[in-house]
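Student: Sharing data_25.tsv below, TSV, C-alpha atoms:
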chain	number	residue	atom	x	y	z
U	122	MET	CA	10.72	21.18	-27.31
U	123	SER	CA	13.03	18.18	-26.95
U	124	LEU	CA	11.78	14.63	-27.46
U	125	ARG	CA	12.61	13.73	-23.85
U	126	LYS	CA	10.49	16.59	-22.47
U	127	ARG	CA	7.64	15.64	-24.80
U	128	VAL	CA	7.72	12.03	-23.58
U	129	PHE	CA	7.88	13.26	-19.97
U	130	GLU	CA	4.74	15.34	-20.48
U	131	VAL	CA	2.93	12.38	-22.00
U	132	LEU	CA	3.83	10.25	-18.95
U	133	GLU	CA	2.88	12.99	-16.47
U	134	PRO	CA	-0.64	14.30	-17.19
U	135	SER	CA	-0.69	16.23	-13.91
U	136	VAL	CA	2.21	18.33	-15.20
U	137	SER	CA	1.30	18.79	-18.86
U	138	GLY	CA	-2.50	18.46	-18.97
U	139	LEU	CA	-2.22	17.06	-22.52
U	140	LYS	CA	-5.16	15.05	-23.86
U	141	ILE	CA	-2.90	12.21	-24.99
U	142	ALA	CA	-1.38	12.13	-21.50
U	143	ARG	CA	-4.86	11.61	-20.03
U	144	VAL	CA	-5.50	8.81	-22.52
U	145	MET	CA	-2.24	7.13	-21.46
U	146	GLU	CA	-3.20	7.60	-17.84
U	147	TYR	CA	-6.53	5.80	-18.31
U	148	PHE	CA	-4.78	3.07	-20.32
U	149	PHE	CA	-2.32	2.36	-17.50
U	150	ILE	CA	-5.08	2.42	-14.88
U	151	THR	CA	-7.07	-0.11	-16.92
U	152	LEU	CA	-4.00	-2.30	-17.43
U	153	ILE	CA	-3.15	-2.27	-13.72
U	154	ILE	CA	-6.74	-3.18	-12.77
U	155	GLY	CA	-6.59	-5.98	-15.35
U	156	ASN	CA	-3.40	-7.28	-13.75
U	157	ILE	CA	-4.96	-7.22	-10.30
U	158	ALA	CA	-7.92	-9.24	-11.61
U	159	ALA	CA	-5.60	-11.68	-13.41
U	160	ILE	CA	-3.54	-12.32	-10.27
U	161	GLN	CA	-6.74	-13.19	-8.39
U	162	LEU	CA	-8.27	-15.36	-11.13
U	163	GLU	CA	-5.06	-17.36	-11.63
U	164	THR	CA	-5.64	-18.91	-8.20
U	165	VAL	CA	-8.93	-20.47	-9.39
U	166	PRO	CA	-7.73	-23.91	-10.63
U	167	GLY	CA	-10.46	-24.61	-13.18
U	168	PHE	CA	-10.47	-21.08	-14.58
U	169	TYR	CA	-6.69	-20.92	-14.90
U	170	ALA	CA	-6.52	-24.34	-16.55
U	171	GLN	CA	-9.04	-23.25	-19.18
U	172	TYR	CA	-7.43	-19.88	-19.96
U	173	THR	CA	-3.76	-20.58	-19.27
U	174	SER	CA	-2.57	-19.26	-22.64
U	175	PHE	CA	-4.56	-16.05	-22.19
U	176	PHE	CA	-3.08	-15.42	-18.73
U	177	ASN	CA	0.44	-16.06	-20.03
U	178	ASP	CA	-0.05	-13.77	-23.04
U	179	PHE	CA	-1.59	-11.05	-20.89
U	180	GLU	CA	1.32	-11.30	-18.44
U	181	THR	CA	3.84	-10.99	-21.27
U	182	PHE	CA	1.98	-8.03	-22.78
U	183	SER	CA	1.71	-6.28	-19.39
U	184	VAL	CA	5.38	-6.75	-18.53
U	185	LEU	CA	6.36	-5.46	-21.97
U	186	ILE	CA	4.29	-2.29	-21.48
U	187	PHE	CA	5.45	-1.77	-17.90
U	188	SER	CA	9.08	-2.34	-18.92
U	189	ILE	CA	8.83	0.28	-21.67
U	190	GLU	CA	7.19	2.64	-19.19
U	191	TYR	CA	9.98	2.06	-16.65
U	192	VAL	CA	12.72	2.71	-19.20
U	193	LEU	CA	10.98	5.88	-20.44
U	194	ARG	CA	10.46	7.17	-16.91
U	195	LEU	CA	14.10	6.49	-16.11
U	196	TRP	CA	15.08	8.39	-19.26
U	197	THR	CA	12.79	11.37	-18.69
U	198	CYS	CA	13.05	11.71	-14.90
U	199	SER	CA	15.85	14.27	-15.35
U	200	GLU	CA	13.15	16.71	-16.50
U	201	MET	CA	12.19	16.97	-12.83
U	202	LEU	CA	14.27	19.32	-10.72
U	203	LYS	CA	15.08	16.81	-7.97
U	204	TYR	CA	16.38	14.31	-10.58
U	205	LYS	CA	18.09	16.93	-12.75
U	206	HIS	CA	21.57	15.39	-12.65
U	207	PRO	CA	21.89	12.93	-15.58
U	208	LEU	CA	23.51	10.17	-13.51
U	209	LYS	CA	22.84	10.84	-9.83
U	210	GLY	CA	19.30	11.92	-10.63
U	211	ARG	CA	18.49	8.65	-12.34
U	212	MET	CA	20.11	6.68	-9.53
U	213	SER	CA	17.95	8.60	-7.05
U	214	TYR	CA	14.84	7.83	-9.09
U	215	MET	CA	15.69	4.12	-9.18
U	216	VAL	CA	15.75	3.93	-5.37
U	217	SER	CA	12.71	6.18	-4.90
U	218	ARG	CA	9.35	4.71	-3.91
U	219	SER	CA	7.91	4.98	-7.42
U	220	GLY	CA	11.08	3.67	-9.05
U	221	LEU	CA	11.29	0.63	-6.79
U	222	ILE	CA	7.61	-0.21	-7.27
U	223	ASP	CA	7.99	0.00	-11.05
U	224	LEU	CA	11.09	-2.21	-11.01
U	225	LEU	CA	9.87	-4.84	-8.55
U	226	SER	CA	6.52	-5.17	-10.35
U	227	ILE	CA	8.26	-6.45	-13.51
U	228	LEU	CA	11.17	-8.26	-11.86
U	229	PRO	CA	9.41	-11.64	-11.31
U	230	PHE	CA	8.84	-12.07	-15.06
U	231	TYR	CA	12.53	-11.71	-15.92
U	232	LEU	CA	13.56	-14.01	-13.07
U	233	ASN	CA	11.92	-16.85	-15.02
U	234	PHE	CA	14.86	-16.72	-17.43
U	235	LEU	CA	17.50	-17.06	-14.71
U	236	PRO	CA	18.87	-20.43	-13.50
U	237	ILE	CA	17.55	-20.15	-9.95
U	238	ASP	CA	15.63	-22.43	-7.62
U	239	LEU	CA	11.93	-22.34	-8.58
U	240	ARG	CA	10.95	-22.46	-4.90
U	241	TRP	CA	12.59	-19.07	-4.40
U	242	LEU	CA	10.95	-17.85	-7.60
U	243	ARG	CA	7.53	-18.28	-5.99
U	244	ILE	CA	8.54	-15.78	-3.32
U	245	PHE	CA	9.64	-13.24	-5.93
U	246	ARG	CA	6.36	-13.67	-7.80
U	247	LEU	CA	4.66	-11.98	-4.85
U	248	PHE	CA	6.23	-8.77	-6.13
U	249	ARG	CA	3.63	-8.84	-8.89
U	250	LEU	CA	1.21	-7.56	-6.27
U	251	LEU	CA	3.20	-4.31	-6.28
U	252	ARG	CA	1.48	-3.49	-9.55
U	253	MET	CA	-1.48	-2.50	-7.40
U	254	LEU	CA	0.65	0.30	-5.93
U	255	LYS	CA	1.48	1.61	-9.40
U	256	ILE	CA	-2.06	2.89	-9.64
U	257	ALA	CA	-1.26	5.40	-6.86
U	258	ARG	CA	0.69	7.41	-9.45
U	259	TYR	CA	-2.56	8.10	-11.31
U	260	LEU	CA	-5.03	8.47	-8.42
U	261	THR	CA	-4.75	11.67	-6.38
U	262	ALA	CA	-6.71	10.15	-3.48
U	263	LEU	CA	-4.13	7.42	-2.90
U	264	ASN	CA	-1.28	9.91	-3.10
U	265	LEU	CA	-3.13	11.99	-0.51
U	266	ILE	CA	-3.36	9.01	1.85
U	267	PHE	CA	0.36	8.25	1.44
U	268	ALA	CA	1.18	11.91	2.13
U	269	VAL	CA	-1.01	11.97	5.27
U	270	ILE	CA	0.56	8.75	6.62
U	271	LYS	CA	4.03	10.17	6.02
U	272	ASP	CA	3.12	13.49	7.64
U	273	ARG	CA	1.43	11.91	10.68
U	274	ARG	CA	3.75	8.90	11.03
U	275	GLU	CA	5.01	9.94	14.48
U	276	GLN	CA	1.50	10.27	15.89
U	277	LEU	CA	0.45	6.99	14.31
U	278	MET	CA	3.55	5.30	15.74
U	279	VAL	CA	2.63	6.54	19.22
U	280	VAL	CA	-0.86	5.07	18.83
U	281	ILE	CA	0.51	1.75	17.57
U	282	MET	CA	2.94	1.54	20.50
U	283	PHE	CA	0.10	2.38	22.92
U	284	ILE	CA	-2.08	-0.38	21.46
U	285	PHE	CA	0.84	-2.83	21.66
U	286	PHE	CA	1.52	-2.03	25.33
U	287	LEU	CA	-2.20	-2.29	26.07
U	288	LEU	CA	-2.27	-5.69	24.35
U	289	VAL	CA	0.63	-6.93	26.47
U	290	ILE	CA	-1.06	-5.78	29.70
U	291	ILE	CA	-4.38	-7.35	28.70
U	292	ALA	CA	-2.78	-10.65	27.73
U	293	THR	CA	-0.80	-10.78	30.98
U	294	VAL	CA	-3.80	-10.09	33.21
U	295	MET	CA	-6.06	-12.51	31.33
U	296	TYR	CA	-3.42	-15.26	31.46
U	297	TYR	CA	-3.29	-15.11	35.27
U	298	VAL	CA	-7.09	-14.91	35.52
U	299	GLU	CA	-8.05	-17.65	33.02
U	300	GLY	CA	-4.86	-19.73	32.98
U	301	PRO	CA	-5.68	-21.78	36.09
U	302	ALA	CA	-9.20	-22.54	34.80
U	303	GLN	CA	-8.17	-23.26	31.18
U	304	PRO	CA	-4.48	-24.24	31.16
U	305	GLN	CA	-4.74	-25.80	27.70
U	306	VAL	CA	-6.38	-22.72	26.11
U	307	PHE	CA	-4.69	-19.82	27.91
U	308	SER	CA	-1.43	-21.74	28.06
U	309	SER	CA	0.97	-18.78	28.01
U	310	ILE	CA	1.04	-14.99	27.70
U	311	PRO	CA	2.03	-15.11	23.98
U	312	ALA	CA	-0.85	-17.54	23.33
U	313	THR	CA	-3.23	-15.27	25.24
U	314	MET	CA	-2.12	-12.33	23.09
U	315	TRP	CA	-4.03	-13.93	20.19
U	316	TRP	CA	-7.20	-13.70	22.28
U	317	GLY	CA	-6.30	-10.07	23.09
U	318	ILE	CA	-5.94	-9.20	19.40
U	319	ALA	CA	-9.27	-10.84	18.52
U	320	THR	CA	-10.99	-9.02	21.39
U	321	LEU	CA	-9.44	-5.57	20.90
U	322	THR	CA	-10.39	-5.65	17.23
U	323	THR	CA	-13.90	-6.79	18.28
U	324	VAL	CA	-13.64	-9.77	15.93
U	325	GLY	CA	-14.14	-12.43	18.60
U	326	TYR	CA	-13.35	-15.69	16.79
U	327	GLY	CA	-14.55	-17.77	19.71
U	328	ASP	CA	-11.60	-20.19	19.72
U	329	MET	CA	-10.47	-18.76	23.08
U	330	VAL	CA	-13.31	-17.78	25.44
U	331	PRO	CA	-13.07	-16.88	29.16
U	332	ILE	CA	-15.26	-19.01	31.42
U	333	THR	CA	-14.64	-17.46	34.85
U	334	ALA	CA	-16.70	-14.55	36.14
U	335	MET	CA	-13.66	-12.28	36.44
U	336	GLY	CA	-12.49	-13.32	32.98
U	337	LYS	CA	-15.85	-12.47	31.42
U	338	PHE	CA	-15.94	-9.13	33.22
U	339	LEU	CA	-12.47	-8.20	31.96
U	340	ALA	CA	-13.32	-9.40	28.44
U	341	GLY	CA	-16.36	-7.12	28.36
U	342	ILE	CA	-14.29	-4.10	29.41
U	343	ILE	CA	-11.58	-4.94	26.87
U	344	ALA	CA	-14.15	-5.32	24.08
U	345	ILE	CA	-15.53	-1.84	24.88
U	346	ILE	CA	-12.00	-0.42	24.91
U	347	GLY	CA	-11.41	-2.08	21.53
U	348	VAL	CA	-14.28	-0.08	20.01
U	349	GLY	CA	-12.65	3.14	21.21
U	350	MET	CA	-9.28	2.09	19.79
U	351	TYR	CA	-10.61	2.69	16.26
U	352	ALA	CA	-11.16	6.37	17.06
U	353	LEU	CA	-7.46	7.11	17.70
U	354	PRO	CA	-5.89	6.34	14.29
U	355	ALA	CA	-9.10	7.35	12.50
U	356	GLY	CA	-9.04	10.77	14.15
U	357	ILE	CA	-5.37	11.31	13.29
U	358	LEU	CA	-5.88	10.33	9.65
U	359	SER	CA	-9.06	12.36	9.21
U	360	ALA	CA	-7.39	15.46	10.67
U	361	GLY	CA	-4.39	14.94	8.40
U	362	ILE	CA	-6.57	14.56	5.31
U	363	SER	CA	-8.49	17.72	6.24
U	364	ASP	CA	-5.22	19.68	6.65
U	365	HIS	CA	-3.83	18.45	3.32
U	366	LEU	CA	-7.05	19.26	1.45
U	367	HIS	CA	-7.13	22.74	2.97
U	368	ALA	CA	-3.46	23.31	2.04
U	369	HIS	CA	-4.11	22.06	-1.50
U	370	LYS	CA	-7.10	24.37	-1.87
U	371	SER	CA	-5.11	27.35	-0.59
U	372	SER	CA	-2.29	26.54	-3.01
U	373	LYS	CA	-4.71	26.45	-5.95
U	374	GLU	CA	-6.24	29.79	-4.93
U	375	LYS	CA	-2.79	31.41	-5.00
U	376	ARG	CA	-2.21	30.39	-8.62
U	377	CYS	CA	-3.29	32.21	-11.75
U	378	PRO	CA	-6.16	30.29	-13.43
U	379	HIS	CA	-4.72	31.07	-16.86
U	380	CYS	CA	-0.96	30.47	-16.61
U	381	GLY	CA	-0.79	28.40	-13.41
U	382	LYS	CA	1.92	30.60	-11.89
U	383	GLU	CA	1.80	31.63	-8.25
U	384	ILE	CA	0.25	35.04	-7.55
U	385	GLN	CA	2.67	37.18	-5.58
For this file, produce the structure as structure tokens.
Tutor:
Amino acid sequence: MSLRKRVFEVLEPSVSGLKIARVMEYFFITLIIGNIAAIQLETVPGFYAQYTSFFNDFETFSVLIFSIEYVLRLWTCSEMLKYKHPLKGRMSYMVSRSGLIDLLSILPFYLNFLPIDLRWLRIFRLFRLLRMLKIARYLTALNLIFAVIKDRREQLMVVIMFIFFLLVIIATVMYYVEGPAQPQVFSSIPATMWWGIATLTTVGYGDMVPITAMGKFLAGIIAIIGVGMYALPAGILSAGISDHLHAHKSSKEKRCPHCGKEIQ
């Protein structure tokens, strides 16, 4: 077995099933969770001021590990059939979802060494949050959700467009009903759309409240409709998850429990 294939199997426990691959998997999961916690705690002024050196050292250590991981994955990705070509395959991996997440999660650290405006650097530092998405590589449940969203994207898009059109209609009607009574609050249709969003999502912030009888009646109907809105995307996603789980179970039943090959 070549060194590249051995490294690939260590990085992909779902393919190899090696014990050391599982250990590496848990290590990366722990490191990613640690990074998520560090990003949150850095925003606490007193805590960050007290442990600044620890946060900086942990960031350096994390970027070093993630950089090594990225280089190794770029080197070993040609072990996968879709990235088989030594040059085009690696280029394809670099622009894939996983490749981009891996690259952008470490990019902010290296931008510190470039002579660029620090105000723009703050924007790039938001890419550190992409380290949260790296954990999807190791958690089957998250991969399942991504697969369901991709598979049902057209249906979800239809629902989103329906909700948007409904929001426009609601905001327009409420503007003409409440606008004359509260010209400073319901000042325009775009401004009224904020009230529509808060009402459809049943949040109800209370910063924009109808005072007319017709306005209250319409608000009650819209609030009830908002409760039903949750059922549309939830139903699509739950059906998609059920289909994927059933397909995964059927695929496992068609494979030999000893060698893993498909049973003809």
Student: Expressed in Å to a single decimal, how great is the separation between CA of Thr151 (chain U) and CA of Ile189 (chain U)?
Tutor: 16.6 Å
Student: Quick one: distance from CA of Met215 (chain U) to CA of Phe234 (chain U) in Å, one decimal?
Tutor: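 If I compute the distance from CA of Met215 (chain U) to CA of Phe234 (chain U), I get 22.4 Å.
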Student: Put the listed atoms of region 327-333 of chain U in a box along x, y and z with 3 Å added on every side and give me the centre and edge lengths in Å to one decimal, as lines of an AutoDock Vina configuration file.
Tutor:
center_x = -12.9
center_y = -18.5
center_z = 27.3
size_x = 10.8
size_y = 9.3
size_z = 21.1
Student: Measuring between all atoms listed in the file, which one of U:Gly336, U:Gly347, U:Pro311, U:Gly327 shows the shortest distance to Met295 (chain U)?
Tutor: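 Closest to Met295 (chain U) of all the choices is U:Gly336.
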Student: Taking all atoms listed in the file into account, which of U:Arg218, U:Arg125, U:Arg194, U:Lys337 comes nearest Ala257 (chain U)?
Tutor: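 Closest to Ala257 (chain U), using all atoms listed in the file: U:Arg218.
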Student: Between U:Tyr231, U:Phe129, U:Trp196, U:Trp315, which one has atoms that come closest to Glu180 (chain U), using only C-alpha atoms?
Tutor: U:Tyr231
Student: Could you give me, as a list in words, the residues within 12 Å of Phe148 (chain U), counting only C-alpha atoms and dropping anything in the same chain fewer than 4 positions from it?
Tutor: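 Contacts, in chain order: Leu132, Ile141, Ala142, Arg143, Val144, Leu152, Ile153, Ile154, Gly155, Ser183, Ile186, Phe187, Ile256 and Tyr259 of chain U.
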Student: When you draw a straight line from CA of Asn156 (chain U) to CA of Leu232 (chain U), how long is it in Å?
Tutor: 18.3 Å
Student: I want to know what sits within 10 Å of region 268-271 of chain U, based on all atoms listed in the file, with residues of the same chain fewer than 2 positions away left out; could you give that as a ChimeraX atom specification?
Tutor: /U:262-266,273-277,357-365
Student: Could you give me, as an mmCIF file with C-alpha atoms, keeping the file's coordinate frame, the residues within 8 Å of Ala340 (chain U), counting all atoms listed in the file and dropping anything in the same chain fewer than 4 positions from it?
Tutor:
data_model
loop_
_atom_site.group_PDB
_atom_site.id
_atom_site.type_symbol
_atom_site.label_atom_id
_atom_site.label_comp_id
_atom_site.auth_asym_id
_atom_site.auth_seq_id
_atom_site.Cartn_x
_atom_site.Cartn_y
_atom_site.Cartn_z
ATOM 1 C CA THR U 320 -10.990 -9.020 21.390
ATOM 2 C CA PRO U 331 -13.070 -16.880 29.160
ATOM 3 C CA GLY U 336 -12.490 -13.320 32.980
ATOM 4 C CA ALA U 344 -14.150 -5.320 24.080
#
Student: So, counting all atoms listed in the file, which residue among U:Leu221, U:Met278, U:Leu193, U:Phe179 is closest to Leu251 (chain U)?
Tutor: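 For Leu251 (chain U), the nearest of the given residues is U:Leu221.
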Student: Counting all atoms listed in the file, which residue out of U:Glu200, U:Met253, U:Asp223, U:Gly210 sits closest to Gln161 (chain U)?
Tutor: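 Nearest to Gln161 (chain U): U:Met253.
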Student: Looking at U:Val298, U:Leu288, U:Leu195, U:Ile332, which one is nearest to Met212 (chain U), with distances taken over all atoms listed in the file?
Tutor: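 Residue with the minimum atom-to-atom distance to Met212 (chain U): U:Leu195.
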